[in-house]
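S.K.: One file is attached below, structure-v3.txt, containing compact mmCIF, C-alpha atoms and all ligand atoms.
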# COMPACT_ATOMS: atom_id res chain seq x y z
CA MET A 74 -198.94 57.88 17.64
CA GLU A 75 -196.02 60.02 16.48
CA THR A 76 -192.63 59.55 18.12
CA MET A 77 -191.02 62.89 17.32
CA LYS A 78 -188.53 64.29 19.85
CA PRO A 79 -189.57 67.53 21.57
CA VAL A 80 -186.32 69.12 20.36
CA HIS A 81 -187.08 72.60 21.60
CA LEU A 82 -187.52 71.55 25.24
CA PRO A 83 -184.47 71.21 27.52
CA SER A 84 -183.55 67.61 28.33
CA LEU A 85 -182.66 66.41 31.85
CA GLN A 86 -179.92 64.22 30.28
CA LEU A 87 -180.53 61.18 32.47
CA PRO A 88 -179.16 57.80 31.36
CA ASP A 89 -181.76 55.24 30.16
CA ALA A 90 -184.40 57.98 29.99
CA ALA A 91 -185.89 60.73 27.85
CA VAL A 92 -187.06 63.47 30.22
CA TYR A 93 -187.73 67.05 29.12
CA PHE A 94 -188.62 69.94 31.38
CA ALA A 95 -190.10 73.39 30.71
CA PRO A 96 -190.40 75.13 34.12
CA HIS A 97 -192.41 78.04 32.68
CA PHE A 98 -194.51 76.41 29.99
CA PHE A 99 -197.45 78.68 30.90
CA SER A 100 -197.26 82.29 32.09
CA GLN A 101 -198.21 83.20 35.67
CA GLN A 102 -201.52 84.63 34.45
CA GLN A 103 -202.43 81.58 32.35
CA SER A 104 -201.41 79.25 35.19
CA ASP A 105 -203.55 81.13 37.75
CA ALA A 106 -206.57 80.85 35.45
CA TYR A 107 -206.03 77.12 34.81
CA LEU A 108 -205.57 76.40 38.53
CA ALA A 109 -208.86 78.13 39.37
CA ARG A 110 -210.76 76.35 36.59
CA LEU A 111 -209.38 72.92 37.47
CA LEU A 112 -210.18 73.31 41.18
CA GLN A 113 -213.70 74.32 40.27
CA GLU A 114 -214.63 72.15 37.28
CA VAL A 115 -212.94 68.77 37.86
CA ASN A 116 -214.98 66.04 39.53
CA TRP A 117 -212.47 65.37 42.33
CA GLN A 118 -212.81 62.03 44.14
CA GLN A 119 -211.41 60.66 47.37
CA GLU A 120 -210.47 57.09 46.39
CA SER A 121 -209.14 54.47 48.78
CA ILE A 122 -206.30 52.00 48.43
CA LYS A 123 -205.86 48.59 49.99
CA LEU A 124 -202.65 48.51 51.99
CA PHE A 125 -201.67 45.53 54.19
CA GLY A 126 -205.26 44.28 54.00
CA ARG A 127 -206.74 47.61 55.10
CA GLN A 128 -208.72 50.15 53.09
CA LEU A 129 -207.05 53.55 53.49
CA PRO A 130 -207.90 56.89 51.89
CA MET A 131 -205.43 57.85 49.13
CA PRO A 132 -203.21 60.72 50.24
CA ARG A 133 -204.59 63.00 47.49
CA LEU A 134 -207.79 63.50 45.47
CA THR A 135 -207.93 62.13 41.92
CA ALA A 136 -209.93 62.22 38.70
CA TRP A 137 -209.64 60.33 35.39
CA TYR A 138 -210.89 61.68 32.07
CA GLY A 139 -210.57 60.27 28.60
CA ASP A 140 -211.72 57.90 25.95
CA LYS A 141 -211.00 54.63 27.81
CA GLY A 142 -211.10 53.16 31.31
CA TYR A 143 -207.82 52.50 33.08
CA THR A 144 -206.61 50.45 36.04
CA TYR A 145 -204.13 52.35 38.17
CA SER A 146 -202.77 51.31 41.60
CA GLY A 147 -205.18 48.35 41.44
CA LEU A 148 -208.11 50.74 41.04
CA TYR A 149 -210.33 50.80 37.97
CA ASN A 150 -211.03 54.33 36.76
CA ARG A 151 -214.23 54.66 34.75
CA PRO A 152 -213.72 57.20 31.96
CA GLN A 153 -215.49 60.55 32.27
CA SER A 154 -215.97 62.59 29.13
CA TRP A 155 -213.49 65.37 28.44
CA LEU A 156 -214.02 68.84 29.90
CA PRO A 157 -213.25 71.84 27.64
CA VAL A 158 -210.41 72.95 29.95
CA LEU A 159 -208.79 69.50 29.71
CA LEU A 160 -209.05 69.42 25.91
CA GLU A 161 -207.48 72.88 25.77
CA LEU A 162 -204.52 71.72 27.88
CA LYS A 163 -204.21 68.45 25.94
CA GLU A 164 -203.96 70.31 22.64
CA GLN A 165 -201.18 72.55 23.94
CA VAL A 166 -199.05 69.72 25.31
CA GLU A 167 -199.58 67.66 22.14
CA LYS A 168 -198.18 70.52 20.06
CA VAL A 169 -194.84 70.59 21.88
CA SER A 170 -194.42 66.94 22.84
CA GLY A 171 -194.84 65.34 19.42
CA HIS A 172 -197.26 62.77 20.86
CA THR A 173 -201.03 62.47 21.11
CA TYR A 174 -202.91 61.48 24.27
CA ASN A 175 -206.36 59.98 24.87
CA SER A 176 -206.54 60.14 28.68
CA VAL A 177 -205.54 62.24 31.65
CA LEU A 178 -205.11 61.40 35.32
CA LEU A 179 -205.46 64.37 37.67
CA ASN A 180 -204.10 64.52 41.20
CA LEU A 181 -204.91 67.17 43.78
CA TYR A 182 -202.37 67.40 46.61
CA ARG A 183 -204.36 69.36 49.18
CA HIS A 184 -201.42 70.10 51.52
CA GLY A 185 -197.90 68.93 52.37
CA GLN A 186 -199.10 65.61 53.79
CA ASP A 187 -200.58 64.58 50.43
CA SER A 188 -198.08 62.62 48.33
CA MET A 189 -197.45 59.87 45.79
CA GLY A 190 -195.14 56.93 46.52
CA TRP A 191 -192.30 55.63 44.32
CA HIS A 192 -193.69 54.04 41.16
CA ALA A 193 -193.30 53.78 37.39
CA ASP A 194 -196.13 54.33 34.94
CA ASN A 195 -195.44 51.04 33.24
CA GLU A 196 -198.88 49.41 33.05
CA ALA A 197 -199.22 47.14 30.02
CA ALA A 198 -202.10 49.27 28.71
CA LEU A 199 -199.66 52.17 28.17
CA GLY A 200 -197.38 50.16 25.86
CA PRO A 201 -193.62 49.53 26.19
CA GLU A 202 -192.33 53.13 25.89
CA PRO A 203 -195.16 55.36 27.08
CA ALA A 204 -195.08 59.11 26.52
CA ILE A 205 -196.38 60.95 29.58
CA ALA A 206 -196.90 64.70 29.67
CA SER A 207 -197.16 66.11 33.18
CA LEU A 208 -198.47 69.62 33.93
CA SER A 209 -198.34 71.22 37.38
CA PHE A 210 -200.39 74.10 38.77
CA GLY A 211 -200.42 75.61 42.25
CA ALA A 212 -197.87 75.08 44.99
CA GLU A 213 -194.39 74.03 43.94
CA ARG A 214 -193.59 70.49 45.09
CA ARG A 215 -190.47 68.34 44.88
CA PHE A 216 -190.50 65.55 42.27
CA GLY A 217 -187.96 62.74 42.63
CA LEU A 218 -186.61 60.27 40.08
CA LYS A 219 -184.48 57.24 40.96
CA HIS A 220 -182.97 54.56 38.75
CA ARG A 221 -184.53 51.14 39.36
CA PHE A 222 -181.36 49.07 38.91
CA ARG A 223 -178.24 51.26 39.06
CA LYS A 224 -177.35 51.93 42.69
CA ASP A 225 -174.38 54.12 41.60
CA LEU A 226 -176.78 56.79 40.33
CA LYS A 227 -178.11 59.23 42.93
CA PRO A 228 -181.83 60.08 42.93
CA VAL A 229 -182.57 63.32 41.09
CA HIS A 230 -184.97 65.86 42.58
CA LEU A 231 -186.47 68.85 40.86
CA ALA A 232 -189.05 71.43 41.87
CA LEU A 233 -192.16 71.45 39.69
CA PRO A 234 -193.43 75.03 39.70
CA HIS A 235 -196.82 76.54 38.82
CA GLY A 236 -197.28 76.23 35.02
CA SER A 237 -194.48 73.72 34.40
CA LEU A 238 -194.40 70.87 31.89
CA LEU A 239 -192.41 67.67 32.39
CA LEU A 240 -192.28 65.04 29.62
CA MET A 241 -191.26 61.46 30.31
CA GLN A 242 -190.78 59.39 27.18
CA GLY A 243 -188.84 56.49 25.62
CA PRO A 244 -187.31 54.05 28.14
CA THR A 245 -187.90 56.29 31.22
CA GLN A 246 -190.64 54.14 32.81
CA GLN A 247 -188.67 50.92 32.30
CA HIS A 248 -185.60 52.23 34.12
CA TRP A 249 -186.72 54.92 36.56
CA LEU A 250 -189.22 55.36 39.40
CA HIS A 251 -190.68 58.72 40.39
CA HIS A 252 -192.50 60.15 43.43
CA ILE A 253 -193.88 63.24 45.16
CA PRO A 254 -192.73 63.11 48.80
CA LYS A 255 -194.64 64.59 51.71
CA THR A 256 -193.29 67.85 53.10
CA SER A 257 -193.54 69.29 56.61
CA ARG A 258 -193.58 72.79 55.08
CA SER A 259 -196.99 74.38 55.01
CA VAL A 260 -197.94 74.35 51.32
CA GLN A 261 -200.98 75.38 49.33
CA PRO A 262 -202.82 72.91 47.07
CA ARG A 263 -201.15 71.61 43.91
CA ILE A 264 -202.76 70.03 40.87
CA ASN A 265 -200.91 67.68 38.55
CA LEU A 266 -202.21 66.35 35.24
CA THR A 267 -200.55 63.41 33.48
CA PHE A 268 -201.68 63.00 29.88
CA ARG A 269 -201.28 59.43 28.64
CA HIS A 270 -202.11 57.25 25.65
CA VAL A 271 -204.03 54.13 26.69
CA GLN A 272 -203.81 51.44 24.02
CA LYS A 273 -206.37 48.85 25.09
O1 LIG A 301 -197.85 64.76 40.84
C1 LIG A 301 -196.92 64.48 40.08
O2 LIG A 301 -196.10 65.31 39.66
C2 LIG A 301 -196.72 63.04 39.66
C3 LIG A 301 -197.97 62.31 39.35
C4 LIG A 301 -197.70 60.92 38.87
O3 LIG A 301 -196.61 60.45 38.90
C5 LIG A 301 -198.80 60.09 38.35
O4 LIG A 301 -199.95 60.54 38.32
O5 LIG A 301 -198.52 58.96 37.93
MN MN A 302 -196.46 58.61 37.70
Here is a file; write its structure as structure tokens.

M.R.:
Amino acid sequence: METMKPVHLPSLQLPDAAVYFAPHFFSQQQSDAYLARLLQEVNWQQESIKLFGRQLPMPRLTAWYGDKGYTYSGLYNRPQSWLPVLLELKEQVEKVSGHTYNSVLLNLYRHGQDSMGWHADNEAALGPEPAIASLSFGAERRFGLKHRFRKDLKPVHLALPHGSLLLMQGPTQQHWLHHIPKTSRSVQPRINLTFRHVQK
């Protein structure tokens, strides 16, 4: 895996992190086409999570594609073979991020009540300084980052618009948590893809 810096992407300049953000990585037209294809072609699943001893539906639909299986939120994801649309997106993010990926997790937030809680993508299988490339299509949602140890730093929130690319690299997962909060606004569906490199 290469470790080149994506020099041409603006950095968020957070301490103990390497986060880069391109709000308009894809044009409106390209983004509309990708959104439609992903809604249609991805094998979306309603998984459940065990919370306080109860099985509850995850507040979003998910899908995992790639070369290897992966355990995420205590849930084993069997690998499904790559779709052409996913390979096309992977190639484009690899070009700008200076990293290669062998897996992608997709999340479909159907409406404002779908969300993802505070977490870090720091599973051992991703290695100590994982590079994660996150693409968003569809409704704009708020994405929050908060430092795990430094209480003097305020959480940072940014809007992830249709066609945006966010890269999290270096020590980001060791020092920061991120989330997608629920919103009471009425919002259309949003798809997020996080490309990852699974080592084991
Ligand atoms: O939907 C997003 O922007 C974040 C997704 C995420 O953090 C994850 O899949 O680990
Ligand atoms: Mn994450």

S.K.: Nearest residue to Leu181 in chain A out of A:Asp105, A:Glu161, A:Glu120, A:Glu167, using all atoms listed in the file?

M.R.: A:Glu120

S.K.: Quick one: of A:Pro201, A:Asp194, A:Gln242, A:Ala206, who's nearest to ligand MN 302 (chain A), counting only C-alpha atoms and all ligand atoms?

M.R.: A:Asp194

S.K.: Choose the residue, out of A:Gly236, A:Gly190, A:Gly200, A:Gly139, that has the smallest atom-to-atom separation from ligand LIG 301 (chain A); count all atoms listed in the file.

M.R.: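 The answer is A:Gly190, which sits nearest to ligand LIG 301 (chain A).
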
S.K.: Counting all atoms listed in the file, what are the residues, protein, DNA or RNA alike, that approach ligand MN 302 (chain A) to within 9 Å? I want them as a tab-separated table (two decimals) with C-alpha atoms, keeping the file's coordinate frame.

M.R.:
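What landed in pocket-v9.tsv:
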chain	number	residue	atom	x	y	z
A	189	MET	CA	-197.45	59.87	45.79
A	191	TRP	CA	-192.30	55.63	44.32
A	192	HIS	CA	-193.69	54.04	41.16
A	193	ALA	CA	-193.30	53.78	37.39
A	194	ASP	CA	-196.13	54.33	34.94
A	195	ASN	CA	-195.44	51.04	33.24
A	205	ILE	CA	-196.38	60.95	29.58
A	207	SER	CA	-197.16	66.11	33.18
A	246	GLN	CA	-190.64	54.14	32.81
A	250	LEU	CA	-189.22	55.36	39.40
A	251	HIS	CA	-190.68	58.72	40.39
A	252	HIS	CA	-192.50	60.15	43.43
A	267	THR	CA	-200.55	63.41	33.48

S.K.: Of the candidates A:His172, A:Pro88, A:Leu134, A:Ala95, which shows the shortest atom-to-atom distance to Leu231 in chain A, using only C-alpha atoms?

M.R.: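 Nearest candidate to Leu231 in chain A out of A:His172, A:Pro88, A:Leu134, A:Ala95: A:Ala95.
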
S.K.: So how many Å separate CA of Leu179 in chain A and CA of Leu218 in chain A, to one decimal?

M.R.: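 Value for the CA of Leu179 in chain A-CA of Leu218 in chain A distance: 19.4 Å.
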
S.K.: Would you mind listing what lies within 12 Å of Gln86 in chain A as a ChimeraX atom specification, with all atoms listed in the file counted and same-chain residues fewer than 5 positions away left out?

M.R.: /A:91-94,229,241,245

S.K.: Kindly indicate which residue among A:Gln153, A:Gln103, A:Asn180, A:Asn265 lies nearest to Asp140 in chain A, using only C-alpha atoms for the distances.

M.R.: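 When distances to Asp140 in chain A are compared using only C-alpha atoms, the smallest one comes from A:Gln153.
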
S.K.: Measure the distance from CA of Trp249 in chain A to CA of Ala90 in chain A in Å and round it to one decimal.

M.R.: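 Rounded to one decimal, the two atoms are 7.6 Å apart.
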
S.K.: To one decimal place in Å, what is the distance between CA of Glu202 in chain A and CA of Pro244 in chain A?

M.R.: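 The value is 5.6 Å.
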
S.K.: Might you pull out every residue within 8 Å of His220 in chain A, with all atoms listed in the file counted and same-chain residues fewer than 3 positions away left off, and present them as a list in words?

M.R.: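 Listing them by chain and then by number gives Arg223, Lys224, Leu226, Lys227, Pro228, His248, Trp249 and Leu250 of chain A.
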
S.K.: Hey, which of A:Ser121, A:Arg110, A:Asn116, A:Leu159 ends up closest to Gly147 in chain A? Count all atoms listed in the file.

M.R.: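 Of all the options, A:Ser121 lies closest to Gly147 in chain A.
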
S.K.: Neighbouring residues of Tyr182 in chain A were defined as those with any atom within 8 Å, considering all atoms listed in the file; residues of the same chain fewer than 2 positions away were excluded. Please report them as a VMD selection string.

M.R.: chain A and resid 132 to 134 180 184 to 185 187 to 188 262 to 264

S.K.: Would you list the contacts of Lys141 in chain A as a PyMOL selection string, taking every protein, DNA or RNA residue within 10 Å and counting all atoms listed in the file, but skipping same-chain residues closer than 5 positions in sequence?

M.R.: chain A and resi 150-154+175-176+270-273
